[in-house]
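Undergrad: Provided below: structure17.txt, containing compact mmCIF, C-alpha atoms.
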```
# COMPACT_ATOMS: atom_id res chain seq x y z
CA MET J 88 113.23 153.22 160.58
CA ALA J 89 113.92 156.40 158.67
CA LYS J 90 114.30 156.14 154.92
CA ILE J 91 115.64 158.33 152.14
CA LEU J 92 113.08 158.22 149.36
CA ALA J 93 114.52 160.55 146.78
CA GLY J 94 116.84 163.37 145.90
CA VAL J 95 116.16 166.76 144.39
CA GLY J 96 118.72 168.85 142.53
CA THR J 97 117.83 172.50 142.15
CA SER J 98 119.35 175.91 141.50
CA HIS J 99 119.06 178.49 144.27
CA ILE J 100 119.27 181.75 142.33
CA PRO J 101 118.43 184.76 144.58
CA ALA J 102 116.58 186.62 141.80
CA ILE J 103 114.03 183.77 141.74
CA GLY J 104 113.23 184.43 145.40
CA ALA J 105 112.96 188.14 144.71
CA ALA J 106 110.65 187.50 141.73
CA LEU J 107 108.33 185.38 143.85
CA ASP J 108 108.41 187.74 146.86
CA ASN J 109 107.65 190.75 144.66
CA GLY J 110 104.76 189.12 142.80
CA LYS J 111 106.64 188.82 139.51
CA SER J 112 106.38 185.06 139.06
CA GLY J 113 103.75 185.47 136.31
CA GLU J 114 105.87 187.87 134.23
CA ALA J 115 107.13 186.67 130.86
CA TYR J 116 110.72 186.47 132.05
CA TRP J 117 110.03 184.32 135.13
CA LYS J 118 106.95 182.37 134.12
CA PRO J 119 108.89 179.60 132.31
CA VAL J 120 110.95 179.03 135.48
CA PHE J 121 107.97 178.71 137.80
CA ASP J 122 106.05 176.66 135.22
CA GLY J 123 109.05 174.36 134.92
CA TYR J 124 108.90 173.63 138.65
CA GLN J 125 105.17 172.82 138.73
CA ARG J 126 105.71 169.12 138.20
CA SER J 127 108.37 168.99 140.93
CA LYS J 128 106.16 170.88 143.37
CA GLN J 129 103.36 168.43 142.76
CA TRP J 130 105.71 165.47 143.14
CA LEU J 131 107.01 166.77 146.47
CA ALA J 132 103.49 167.44 147.77
CA GLU J 133 102.60 163.83 146.93
CA ILE J 134 105.70 162.24 148.40
CA LYS J 135 105.15 164.17 151.66
CA PRO J 136 108.56 164.05 153.32
CA ASP J 137 108.79 164.49 157.08
CA VAL J 138 112.29 165.88 156.82
CA VAL J 139 114.40 167.41 154.07
CA ILE J 140 118.17 167.38 154.45
CA LEU J 141 119.01 170.51 152.51
CA VAL J 142 122.54 170.81 151.17
CA TYR J 143 123.34 174.40 150.25
CA ASN J 144 125.97 177.05 150.66
CA ASP J 145 126.00 180.21 152.67
CA HIS J 146 126.98 183.32 150.66
CA GLY J 147 128.84 185.41 153.24
CA THR J 148 125.70 185.68 155.34
CA ALA J 149 125.87 183.43 158.42
CA PHE J 150 129.56 182.74 157.90
CA GLY J 151 132.02 185.48 157.01
CA LEU J 152 135.66 185.06 156.16
CA ASP J 153 136.55 184.95 159.87
CA VAL J 154 135.46 181.31 160.17
CA VAL J 155 134.90 179.17 157.07
CA PRO J 156 133.55 175.70 157.85
CA THR J 157 133.91 173.21 155.01
CA PHE J 158 130.85 171.20 156.11
CA ALA J 159 128.51 172.71 158.72
CA LEU J 160 125.46 170.81 159.96
CA GLY J 161 122.58 172.65 161.62
CA ILE J 162 121.17 171.00 164.74
CA ALA J 163 118.92 173.89 165.83
CA ALA J 164 115.18 173.93 166.48
CA GLU J 165 114.73 176.73 163.96
CA TYR J 166 116.51 178.97 161.49
CA PRO J 167 115.33 182.49 160.60
CA PRO J 168 115.55 183.76 156.99
CA ALA J 169 118.57 186.08 156.76
CA ASP J 170 118.80 189.75 155.86
CA GLU J 171 121.10 189.70 152.83
CA GLY J 172 121.17 193.45 152.34
CA TRP J 173 117.55 194.14 151.39
CA GLY J 174 115.77 192.78 154.48
CA PRO J 175 114.89 189.14 155.21
CA ARG J 176 112.75 187.29 152.67
CA PRO J 177 109.07 187.16 153.72
CA VAL J 178 109.06 183.38 154.10
CA PRO J 179 108.24 181.19 157.10
CA VAL J 180 110.86 180.36 159.71
CA ILE J 181 112.57 177.06 158.91
CA LYS J 182 111.98 174.38 161.55
CA GLY J 183 114.68 171.83 162.30
CA HIS J 184 114.37 168.21 163.40
CA LEU J 185 116.33 167.99 166.64
CA GLU J 186 116.49 164.22 167.08
CA LEU J 187 117.46 163.39 163.51
CA SER J 188 119.97 166.25 163.30
CA ARG J 189 121.67 165.16 166.53
CA HIS J 190 121.76 161.58 165.30
CA LEU J 191 123.20 162.72 161.95
CA ALA J 192 125.89 164.83 163.61
CA GLU J 193 126.99 161.99 165.86
CA SER J 194 126.86 159.32 163.15
CA LEU J 195 128.70 161.39 160.57
CA ILE J 196 131.48 162.35 162.95
CA PHE J 197 131.97 158.70 163.92
CA ALA J 198 131.95 157.87 160.20
CA GLY J 199 134.97 160.16 159.80
CA PHE J 200 133.37 163.44 158.71
CA ASP J 201 134.66 166.17 161.02
CA LEU J 202 131.65 168.45 160.80
CA THR J 203 131.19 171.91 162.20
CA ILE J 204 128.05 171.95 164.34
CA VAL J 205 125.74 174.95 164.19
CA ASN J 206 123.21 175.85 166.88
CA GLU J 207 122.29 179.32 165.66
CA MET J 208 122.22 180.40 162.07
CA ALA J 209 120.24 182.64 159.76
CA VAL J 210 119.76 181.02 156.36
CA ASP J 211 120.13 182.89 153.08
CA HIS J 212 118.74 182.39 149.57
CA GLY J 213 120.85 179.25 149.19
CA LEU J 214 118.40 177.48 151.49
CA THR J 215 115.19 179.47 151.17
CA VAL J 216 114.96 179.72 147.36
CA PRO J 217 114.91 175.91 146.88
CA LEU J 218 112.11 175.72 149.46
CA SER J 219 110.15 178.40 147.61
CA LEU J 220 110.66 176.71 144.24
CA MET J 221 109.61 173.31 145.56
CA CYS J 222 106.79 174.43 147.91
CA GLY J 223 105.56 177.79 146.65
CA GLN J 224 104.38 180.27 149.28
CA PRO J 225 102.86 178.29 152.18
CA GLN J 226 102.13 179.74 155.64
CA GLU J 227 104.44 177.11 157.14
CA TRP J 228 106.96 174.86 155.40
CA PRO J 229 105.35 171.42 155.10
CA PHE J 230 108.36 169.53 156.55
CA LYS J 231 111.30 169.88 158.90
CA VAL J 232 114.63 170.93 157.41
CA ILE J 233 118.15 169.95 158.40
CA PRO J 234 120.60 172.38 156.80
CA LEU J 235 124.00 171.17 155.64
CA ALA J 236 126.12 174.11 154.57
CA VAL J 237 129.12 173.47 152.31
CA ASN J 238 131.90 175.94 151.64
CA VAL J 239 132.02 176.70 147.93
CA VAL J 240 132.96 180.38 148.29
CA LEU J 241 136.57 180.18 149.48
CA TYR J 242 138.76 177.96 147.30
CA PRO J 243 139.24 175.07 147.71
CA PRO J 244 135.82 173.62 148.43
CA PRO J 245 135.74 169.94 149.40
CA THR J 246 136.32 167.53 146.51
CA GLY J 247 133.41 166.04 144.61
CA LYS J 248 134.56 162.63 145.78
CA ARG J 249 134.39 163.68 149.42
CA CYS J 250 130.93 165.15 148.85
CA PHE J 251 129.72 161.91 147.31
CA LYS J 252 131.09 159.90 150.26
CA LEU J 253 129.46 162.27 152.72
CA GLY J 254 126.18 161.57 150.95
CA GLN J 255 126.75 157.83 151.35
CA ALA J 256 127.42 158.31 155.07
CA ILE J 257 124.23 160.37 155.36
CA ARG J 258 122.26 157.50 153.84
CA LYS J 259 123.68 155.02 156.31
CA ALA J 260 123.03 157.36 159.24
CA VAL J 261 119.42 158.01 158.19
CA GLU J 262 118.77 154.28 157.75
CA ASN J 263 120.02 153.68 161.30
CA PHE J 264 117.65 156.20 162.85
CA ASP J 265 114.90 154.48 164.77
CA GLN J 266 111.94 156.75 163.98
CA ASP J 267 109.78 156.14 160.93
CA LEU J 268 110.59 159.20 158.89
CA ARG J 269 110.32 159.93 155.21
CA VAL J 270 113.44 161.83 154.17
CA VAL J 271 114.30 163.63 150.95
CA VAL J 272 117.72 165.14 150.25
CA PHE J 273 118.09 168.40 148.31
CA GLY J 274 121.36 169.25 146.57
CA THR J 275 121.28 172.90 145.54
CA GLY J 276 123.19 175.56 143.61
CA GLY J 277 124.33 175.90 140.01
CA MET J 278 123.94 175.05 137.31
CA SER J 279 126.53 176.74 135.08
CA HIS J 280 127.13 180.36 136.00
CA GLN J 281 129.86 182.86 136.53
CA LEU J 282 129.02 185.98 138.49
CA HIS J 283 132.35 187.78 138.49
CA GLY J 284 135.10 189.04 136.20
CA GLU J 285 135.07 189.74 132.49
CA ARG J 286 133.81 186.19 131.87
CA ALA J 287 130.60 186.79 133.86
CA GLY J 288 127.54 185.29 132.20
CA LEU J 289 129.15 182.03 131.10
CA ILE J 290 126.61 179.27 130.47
CA ASN J 291 127.38 175.75 129.26
CA ARG J 292 124.17 174.02 128.29
CA GLU J 293 125.89 170.93 126.93
CA TRP J 294 128.02 170.38 130.03
CA ASP J 295 125.06 170.95 132.36
CA ASN J 296 122.92 168.39 130.57
CA LYS J 297 125.70 165.82 130.62
CA PHE J 298 125.93 166.44 134.37
CA LEU J 299 122.17 165.84 134.68
CA ASP J 300 122.45 162.68 132.56
CA ASP J 301 125.27 161.26 134.63
CA LEU J 302 123.51 161.76 137.95
CA THR J 303 121.74 158.56 136.97
CA ALA J 304 123.97 157.14 134.19
CA ASP J 305 127.44 157.55 135.69
CA PRO J 306 127.59 159.26 139.08
CA GLN J 307 131.09 157.86 139.62
CA ARG J 308 132.35 159.97 136.73
CA LEU J 309 130.87 163.06 138.35
CA ALA J 310 132.44 162.19 141.70
CA GLN J 311 135.88 162.17 140.03
CA LEU J 312 135.58 165.59 138.35
CA PRO J 313 138.31 167.97 139.53
CA HIS J 314 137.47 171.53 140.55
CA ILE J 315 139.19 172.99 137.49
CA GLU J 316 136.66 171.29 135.22
CA TYR J 317 133.68 172.86 136.99
CA MET J 318 135.31 176.30 136.98
CA ARG J 319 136.45 176.16 133.36
CA GLU J 320 133.36 174.51 131.89
CA ALA J 321 130.49 175.60 134.16
CA GLY J 322 131.84 178.99 135.31
CA ALA J 323 133.75 179.78 138.49
CA GLU J 324 130.55 179.81 140.55
CA GLY J 325 129.31 176.66 138.82
CA ILE J 326 131.44 174.78 141.32
CA GLU J 327 128.35 174.86 143.55
CA LEU J 328 127.33 171.72 141.66
CA ILE J 329 129.57 169.61 143.91
CA MET J 330 126.72 169.93 146.42
CA TRP J 331 124.46 167.87 144.15
CA LEU J 332 126.89 165.00 144.64
CA ILE J 333 126.07 164.86 148.35
CA MET J 334 122.43 164.41 147.37
CA ARG J 335 123.37 161.75 144.81
CA GLY J 336 125.63 159.91 147.25
CA ALA J 337 122.74 159.71 149.69
CA LEU J 338 120.66 157.70 147.19
CA ASN J 339 120.88 154.06 146.18
CA GLU J 340 123.19 152.92 143.44
CA LYS J 341 120.13 152.12 141.34
CA VAL J 342 117.90 155.13 140.86
CA ARG J 343 115.56 156.51 138.28
CA GLU J 344 115.14 160.01 136.99
CA VAL J 345 111.54 161.12 137.49
CA TYR J 346 111.71 164.62 136.10
CA ARG J 347 114.14 167.15 134.72
CA PHE J 348 113.86 170.84 133.92
CA TYR J 349 116.51 173.07 132.39
CA HIS J 350 116.14 176.71 131.47
CA VAL J 351 118.40 179.62 130.52
CA PRO J 352 118.52 182.24 131.88
CA GLY J 353 117.57 182.79 135.49
CA SER J 354 119.29 186.14 135.81
CA ASN J 355 122.99 185.08 135.35
CA THR J 356 122.49 181.38 135.75
CA ALA J 357 121.31 178.20 134.08
CA VAL J 358 118.32 176.95 136.08
CA GLY J 359 118.39 173.21 136.63
CA ASN J 360 116.05 170.89 138.48
CA ILE J 361 116.04 167.12 138.71
CA ILE J 362 114.06 164.57 140.72
CA ILE J 363 115.71 161.21 141.33
CA GLU J 364 113.98 158.38 143.15
CA ASN J 365 115.48 155.31 144.75
CA THR J 366 114.28 152.17 143.01
CA MET O 44 156.21 183.57 145.49
CA ARG O 45 152.75 182.32 144.70
CA LYS O 46 152.61 178.85 143.22
CA PRO O 47 151.03 178.85 139.74
CA ARG O 48 147.55 177.27 139.71
CA ASP O 49 145.67 175.41 137.01
CA TYR O 50 142.84 177.96 137.24
CA ASP O 51 145.16 180.90 136.42
CA ASP O 52 144.58 179.84 132.83
CA ILE O 53 140.84 180.60 132.86
CA PRO O 54 140.31 184.00 131.22
CA GLY O 55 138.42 186.82 132.98
CA THR O 56 138.23 184.82 136.21
CA TYR O 57 139.60 185.59 139.68
CA VAL O 58 139.25 182.45 141.76
CA PHE O 59 138.71 183.43 145.38
CA ASP O 60 141.56 181.48 146.95
CA PHE O 61 143.49 182.01 150.19
CA GLU O 62 145.75 184.68 148.66
CA ARG O 63 142.79 186.69 147.39
CA SER O 64 140.89 186.22 150.64
CA HIS O 65 143.84 187.63 152.58
CA GLN O 66 144.21 190.52 150.16
CA GLY O 67 140.51 191.33 150.36
CA TYR O 68 139.72 190.32 153.93
CA HIS O 69 138.78 193.76 155.28
CA LEU O 70 137.09 194.85 152.06
CA ASN O 71 134.87 191.77 152.23
CA MET O 72 134.20 192.10 155.94
CA PHE O 73 133.15 195.73 155.34
CA CYS O 74 130.70 194.37 152.75
CA MET O 75 129.41 191.85 155.25
CA SER O 76 128.75 194.61 157.78
CA LEU O 77 126.08 195.88 155.36
CA LEU O 78 123.87 192.94 156.31
CA LYS O 79 122.73 195.09 159.26
CA PRO O 80 120.20 197.82 158.39
CA GLU O 81 121.81 200.34 160.77
CA ASN O 82 125.15 199.85 159.00
CA ARG O 83 123.56 200.28 155.57
CA LYS O 84 122.12 203.56 156.81
CA ALA O 85 125.46 204.72 158.24
CA PHE O 86 127.26 203.80 154.99
CA LEU O 87 124.74 205.63 152.80
CA GLU O 88 124.91 208.74 155.01
CA ASP O 89 128.70 208.97 154.97
CA GLU O 90 130.42 206.49 152.69
CA ARG O 91 133.95 207.77 153.24
CA GLY O 92 133.58 207.99 157.00
CA TYR O 93 132.08 204.51 157.19
CA LEU O 94 134.81 202.98 155.02
CA GLU O 95 137.46 204.53 157.32
CA LYS O 96 136.29 202.20 160.07
CA PHE O 97 137.71 199.21 158.19
CA PRO O 98 141.48 198.77 157.85
CA MET O 99 141.49 198.29 154.09
CA THR O 100 143.81 199.93 151.56
CA ALA O 101 143.14 203.37 150.09
CA GLU O 102 142.79 201.68 146.71
CA GLN O 103 140.13 199.31 148.02
CA ARG O 104 138.19 202.21 149.58
CA GLN O 105 138.39 204.14 146.33
CA SER O 106 137.11 201.16 144.33
CA VAL O 107 134.01 201.12 146.54
CA LEU O 108 133.46 204.89 146.22
CA ASP O 109 133.95 204.64 142.43
CA ARG O 110 131.61 201.61 142.14
CA ASP O 111 134.48 199.95 140.32
CA TRP O 112 133.07 196.42 140.55
CA LEU O 113 135.82 194.74 138.56
CA GLY O 114 138.43 196.73 140.49
CA MET O 115 137.01 195.43 143.79
CA VAL O 116 137.39 191.85 142.54
CA LYS O 117 140.96 192.51 141.41
CA LEU O 118 141.72 193.89 144.89
CA GLY O 119 140.48 190.74 146.61
CA GLY O 120 136.75 191.38 146.73
CA ASN O 121 134.50 188.36 146.43
CA ILE O 122 131.30 188.73 144.43
CA TYR O 123 129.10 187.26 147.16
CA TYR O 124 130.42 189.99 149.46
CA THR O 125 130.62 192.94 147.05
CA SER O 126 127.05 192.17 145.95
CA LYS O 127 126.01 193.38 149.43
CA ILE O 128 127.14 196.87 148.38
CA GLY O 129 124.93 196.30 145.35
CA ALA O 130 122.01 195.31 147.57
CA THR O 131 122.54 198.42 149.70
CA LEU O 132 122.45 200.59 146.56
CA GLY O 133 119.54 198.68 145.01
CA LYS O 134 121.72 197.15 142.27
CA SER O 135 121.25 193.55 141.15
CA PHE O 136 123.79 190.80 140.51
CA GLN O 137 123.03 191.24 136.84
CA TYR O 138 123.85 194.95 136.95
CA ILE O 139 127.18 194.19 138.66
CA ALA O 140 127.96 191.38 136.20
CA ALA O 141 127.31 193.69 133.24
CA GLU O 142 129.60 196.34 134.75
CA MET O 143 132.36 193.78 135.28
CA SER O 144 132.18 192.42 131.78
CA GLY O 145 132.25 195.92 130.31
CA VAL O 146 128.85 196.09 128.60
CA SER O 147 125.57 197.86 129.32
CA GLN O 148 123.02 196.08 131.45
CA GLN O 149 120.77 195.77 128.40
CA GLU O 150 123.50 194.17 126.27
CA TYR O 151 124.33 191.79 129.09
CA ALA O 152 120.67 190.87 129.66
CA ASP O 153 120.28 190.26 125.90
CA MET O 154 123.34 188.00 125.91
CA MET O 155 121.82 185.98 128.76
CA LEU O 156 118.47 185.72 126.97
CA LYS O 157 120.31 184.33 123.96
CA GLY O 158 121.76 181.54 126.07
CA GLY O 159 124.59 183.27 127.91
CA ARG O 160 128.29 183.67 127.21
CA SER O 161 129.58 180.70 125.24
CA PRO O 162 132.38 178.60 126.71
CA ILE O 163 133.86 178.45 123.19
CA GLY O 164 136.87 180.76 123.16
CA ASN O 165 136.50 181.38 126.88
CA ARG O 166 137.97 178.24 128.41
CA SER O 167 141.69 178.81 128.38
CA ILE O 168 144.17 181.65 127.95
CA ALA O 169 146.93 179.32 126.75
CA GLY O 170 144.73 177.20 124.49
CA LYS O 171 142.41 180.04 123.38
CA LYS O 172 139.72 177.41 123.06
```
Could I get this structure in the form of structure tokens?

TA:
Amino acid sequence: MAKILAGVGTSHIPAIGAALDNGKSGEAYWKPVFDGYQRSKQWLAEIKPDVVILVYNDHGTAFGLDVVPTFALGIAAEYPPADEGWGPRPVPVIKGHLELSRHLAESLIFAGFDLTIVNEMAVDHGLTVPLSLMCGQPQEWPFKVIPLAVNVVLYPPPTGKRCFKLGQAIRKAVENFDQDLRVVVFGTGGMSHQLHGERAGLINREWDNKFLDDLTADPQRLAQLPHIEYMREAGAEGIELIMWLIMRGALNEKVREVYRFYHVPGSNTAVGNIIIENT
Amino acid sequence: MRKPRDYDDIPGTYVFDFERSHQGYHLNMFCMSLLKPENRKAFLEDERGYLEKFPMTAEQRQSVLDRDWLGMVKLGGNIYYTSKIGATLGKSFQYIAAEMSGVSQQEYADMMLKGGRSPIGNRSIAGKK
């Protein structure tokens, strides 16, 4: 049977991808970020997942304002890196896992999650930057990826509570899949940041670290947080953090934090990374 | 009339809700068209002519021509979309953020290096806390 082994929370800041692609990862500004991910990279290489379910958001790339799916699950064989205005990132094509993604789509819909199903989609920095941070610059990504795109651009995004429950349904669905697969779930985005308006540049170190603490100590508190709290405390774009709750919901009640990294700034954003294992 | 929202109280913030997305629909979809290299080329060759293809308001067009990044947001632009104009012009998110918050890129970058803009005093218009 398939099994979810762990969850990864990570920022998906586009400037990190650009730094890596342009050979700037050793520069003084970026070095602490890439150094901070070394331990996570090593951990992931050792845990060797077959499939990563990657929760992220599209930034007006594959989805415009014409159609805005709240939850969109990719069931394609592959996903090309998107051109976001400066040409596609020079990273490998992302390979899907057809059988597991079909099983997930069917199971989740029967569990009451009315997903949008995606057969063709280019993926932007929201998906590719986490892969780069966690895997570096390989010729091929070392596992299959099932993208789960969440709307956090057009208000209102789904509630944190709904995200958490979707995670729980993902766990059940994965556990009912009859192939022996090692699965890791990534929740991406955040941490605190605001990219627009006169308040751009907002960072809330204290709030972010409490969020990291409560992923293990009190995930139920996080699941109850209303949108206004994210926007007020972690910046309007900090609301991306609801996506980490899908990752957390997909893990056992009892978990342990393996590693945490927090760094300000990554361009406009607080960089956060956490590894949580099922016990 | 628009129903008041809890987030109206956050200073310097323009939550991209359904009203704003309607107001800025064509502005944002123009931005999205810049994901194609041939459209970036056409825009750079004749900005005014290219903008005419999209049924946005004269004010919205002017905000693009003026590189008025905060103005675009106030007219319904969403940062994830307007940043595609930035990408086309070779301008980063950080450049745009500095412009919107009314400081030089250097001052903004320095603020971020010092830990970013504090939430203290920036949480609430009513509470000024």

Undergrad: Give the residues of chain O that lie within 8 Å of chain J; count all atoms listed in the file, and format the answer as a PyMOL selection string.

TA: chain O and resi 49-50+53-61+64+68+71-72+75+77-80+83+113+116+122-124+127-128+130-131+136-137+140-141+143-145+151-152+155-156+158-162+165-167

Undergrad: Mind giving me the axis-aligned box for segment 248-259 of chain J with 4 Å on every side, centre plus edges in Å to one decimal, as AutoDock Vina command-line options?

TA:
```
--center_x 128.4 --center_y 160.1 --center_z 151.0 --size_x 20.3 --size_y 18.1 --size_z 18.5
```

Undergrad: Please identify all polymer residues lying at most 10 Å from the point (113.1, 164.7, 155.9) (file coordinates), using only C-alpha atoms, and present the result as a PyMOL selection string.

TA: chain J and resi 89-92+135-141+183-184+187+230-233+261+268-273

Undergrad: Calculate how many Å separate atom CA of Glu142 of chain O from atom CA of Glu102 of chain O, rounding to one decimal.

TA: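 Going from atom CA of Glu142 of chain O over to atom CA of Glu102 of chain O, I get 18.6 Å.
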
Undergrad: To one decimal in Å, tell me the separation between atom CA of Ala310 of chain J and atom CA of Ile103 of chain J.

TA: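 These two atoms are separated by 28.4 Å.
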
Undergrad: Give me, please, the distance in Å between atom CA of Asn360 of chain J and atom CA of Ser98 of chain J, quoted to one decimal.

TA: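 Going from atom CA of Asn360 of chain J over to atom CA of Ser98 of chain J, I get 6.7 Å.
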
Undergrad: Pick out the closest residue to Ile362 of chain J from this set: J:Phe264, J:Tyr166, J:Phe121, J:Trp130. Count all atoms listed in the file.

TA: J:Trp130

Undergrad: Find the residue from J:Pro167, J:Leu328, J:Thr303, J:Leu235 that sits nearest to Thr366 of chain J; use only C-alpha atoms when measuring.

TA: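 The answer is J:Thr303, which sits nearest to Thr366 of chain J.
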
Undergrad: What's the 12 Å shell around Arg110 of chain O, counting only C-alpha atoms, without same-chain residues fewer than 5 positions away, as a ChimeraX atom specification?

TA: /O:90,103-105,115-116,125-126,128-129,132,134,138-139,142-143

Undergrad: Okay, now the selection with C-alpha atoms, as a short mmCIF file (atom, residue, chain, number, x, y, z; two decimals), keeping the file's coordinate frame?

TA:
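Saved file result-v2.cif follows:
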```cif
data_model
loop_
_atom_site.label_atom_id
_atom_site.label_comp_id
_atom_site.auth_asym_id
_atom_site.auth_seq_id
_atom_site.Cartn_x
_atom_site.Cartn_y
_atom_site.Cartn_z
CA GLU O 90 130.42 206.49 152.69
CA GLN O 103 140.13 199.31 148.02
CA ARG O 104 138.19 202.21 149.58
CA GLN O 105 138.39 204.14 146.33
CA MET O 115 137.01 195.43 143.79
CA VAL O 116 137.39 191.85 142.54
CA THR O 125 130.62 192.94 147.05
CA SER O 126 127.05 192.17 145.95
CA ILE O 128 127.14 196.87 148.38
CA GLY O 129 124.93 196.30 145.35
CA LEU O 132 122.45 200.59 146.56
CA LYS O 134 121.72 197.15 142.27
CA TYR O 138 123.85 194.95 136.95
CA ILE O 139 127.18 194.19 138.66
CA GLU O 142 129.60 196.34 134.75
CA MET O 143 132.36 193.78 135.28
#
```

Undergrad: Give me the residues near Glu186 of chain J as a VMD selection string, where near means some atom within 10 Å (using only C-alpha atoms) and where sequence neighbours in that chain fewer than 5 positions away do not count.

TA: chain J and resid 162 164 191 264 266

Undergrad: Working from the structure I just supplied, which lacks atoms in segment 132-145 of chain J, can you model N, CA and C atoms there and output them as a PDB file, keeping the file's coordinate frame?

TA:
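Output (out-v2.pdb):
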```
ATOM      1  N   ALA J 132     104.714 167.418 146.961  1.00  0.00           N
ATOM      2  CA  ALA J 132     103.490 167.440 147.770  1.00  0.00           C
ATOM      3  C   ALA J 132     102.933 166.021 147.917  1.00  0.00           C
ATOM      4  N   GLU J 133     103.107 165.205 146.875  1.00  0.00           N
ATOM      5  CA  GLU J 133     102.600 163.830 146.930  1.00  0.00           C
ATOM      6  C   GLU J 133     103.492 162.913 147.763  1.00  0.00           C
ATOM      7  N   ILE J 134     104.776 163.138 147.705  1.00  0.00           N
ATOM      8  CA  ILE J 134     105.700 162.240 148.400  1.00  0.00           C
ATOM      9  C   ILE J 134     105.754 162.556 149.909  1.00  0.00           C
ATOM     10  N   LYS J 135     105.326 163.773 150.259  1.00  0.00           N
ATOM     11  CA  LYS J 135     105.150 164.170 151.660  1.00  0.00           C
ATOM     12  C   LYS J 135     106.316 163.793 152.586  1.00  0.00           C
ATOM     13  N   PRO J 136     107.461 164.381 152.403  1.00  0.00           N
ATOM     14  CA  PRO J 136     108.560 164.050 153.320  1.00  0.00           C
ATOM     15  C   PRO J 136     108.299 164.628 154.717  1.00  0.00           C
ATOM     16  N   ASP J 137     108.811 163.929 155.724  1.00  0.00           N
ATOM     17  CA  ASP J 137     108.790 164.490 157.080  1.00  0.00           C
ATOM     18  C   ASP J 137     109.953 165.452 157.265  1.00  0.00           C
ATOM     19  N   VAL J 138     111.066 165.078 156.657  1.00  0.00           N
ATOM     20  CA  VAL J 138     112.290 165.880 156.820  1.00  0.00           C
ATOM     21  C   VAL J 138     112.997 166.009 155.475  1.00  0.00           C
ATOM     22  N   VAL J 139     113.516 167.204 155.220  1.00  0.00           N
ATOM     23  CA  VAL J 139     114.400 167.410 154.070  1.00  0.00           C
ATOM     24  C   VAL J 139     115.787 167.757 154.605  1.00  0.00           C
ATOM     25  N   ILE J 140     116.780 166.999 154.165  1.00  0.00           N
ATOM     26  CA  ILE J 140     118.170 167.380 154.450  1.00  0.00           C
ATOM     27  C   ILE J 140     118.580 168.264 153.288  1.00  0.00           C
ATOM     28  N   LEU J 141     118.832 169.533 153.583  1.00  0.00           N
ATOM     29  CA  LEU J 141     119.010 170.510 152.510  1.00  0.00           C
ATOM     30  C   LEU J 141     120.472 170.948 152.429  1.00  0.00           C
ATOM     31  N   VAL J 142     121.131 170.476 151.383  1.00  0.00           N
ATOM     32  CA  VAL J 142     122.540 170.810 151.170  1.00  0.00           C
ATOM     33  C   VAL J 142     122.611 172.100 150.369  1.00  0.00           C
ATOM     34  N   TYR J 143     123.280 173.091 150.915  1.00  0.00           N
ATOM     35  CA  TYR J 143     123.340 174.400 150.250  1.00  0.00           C
ATOM     36  C   TYR J 143     124.638 175.072 150.663  1.00  0.00           C
ATOM     37  N   ASN J 144     124.847 176.283 150.142  1.00  0.00           N
ATOM     38  CA  ASN J 144     125.970 177.050 150.660  1.00  0.00           C
ATOM     39  C   ASN J 144     125.516 178.413 151.119  1.00  0.00           C
ATOM     40  N   ASP J 145     126.186 178.863 152.159  1.00  0.00           N
ATOM     41  CA  ASP J 145     126.000 180.210 152.670  1.00  0.00           C
ATOM     42  C   ASP J 145     126.832 181.151 151.792  1.00  0.00           C
TER      43      ASP J 145
END
```
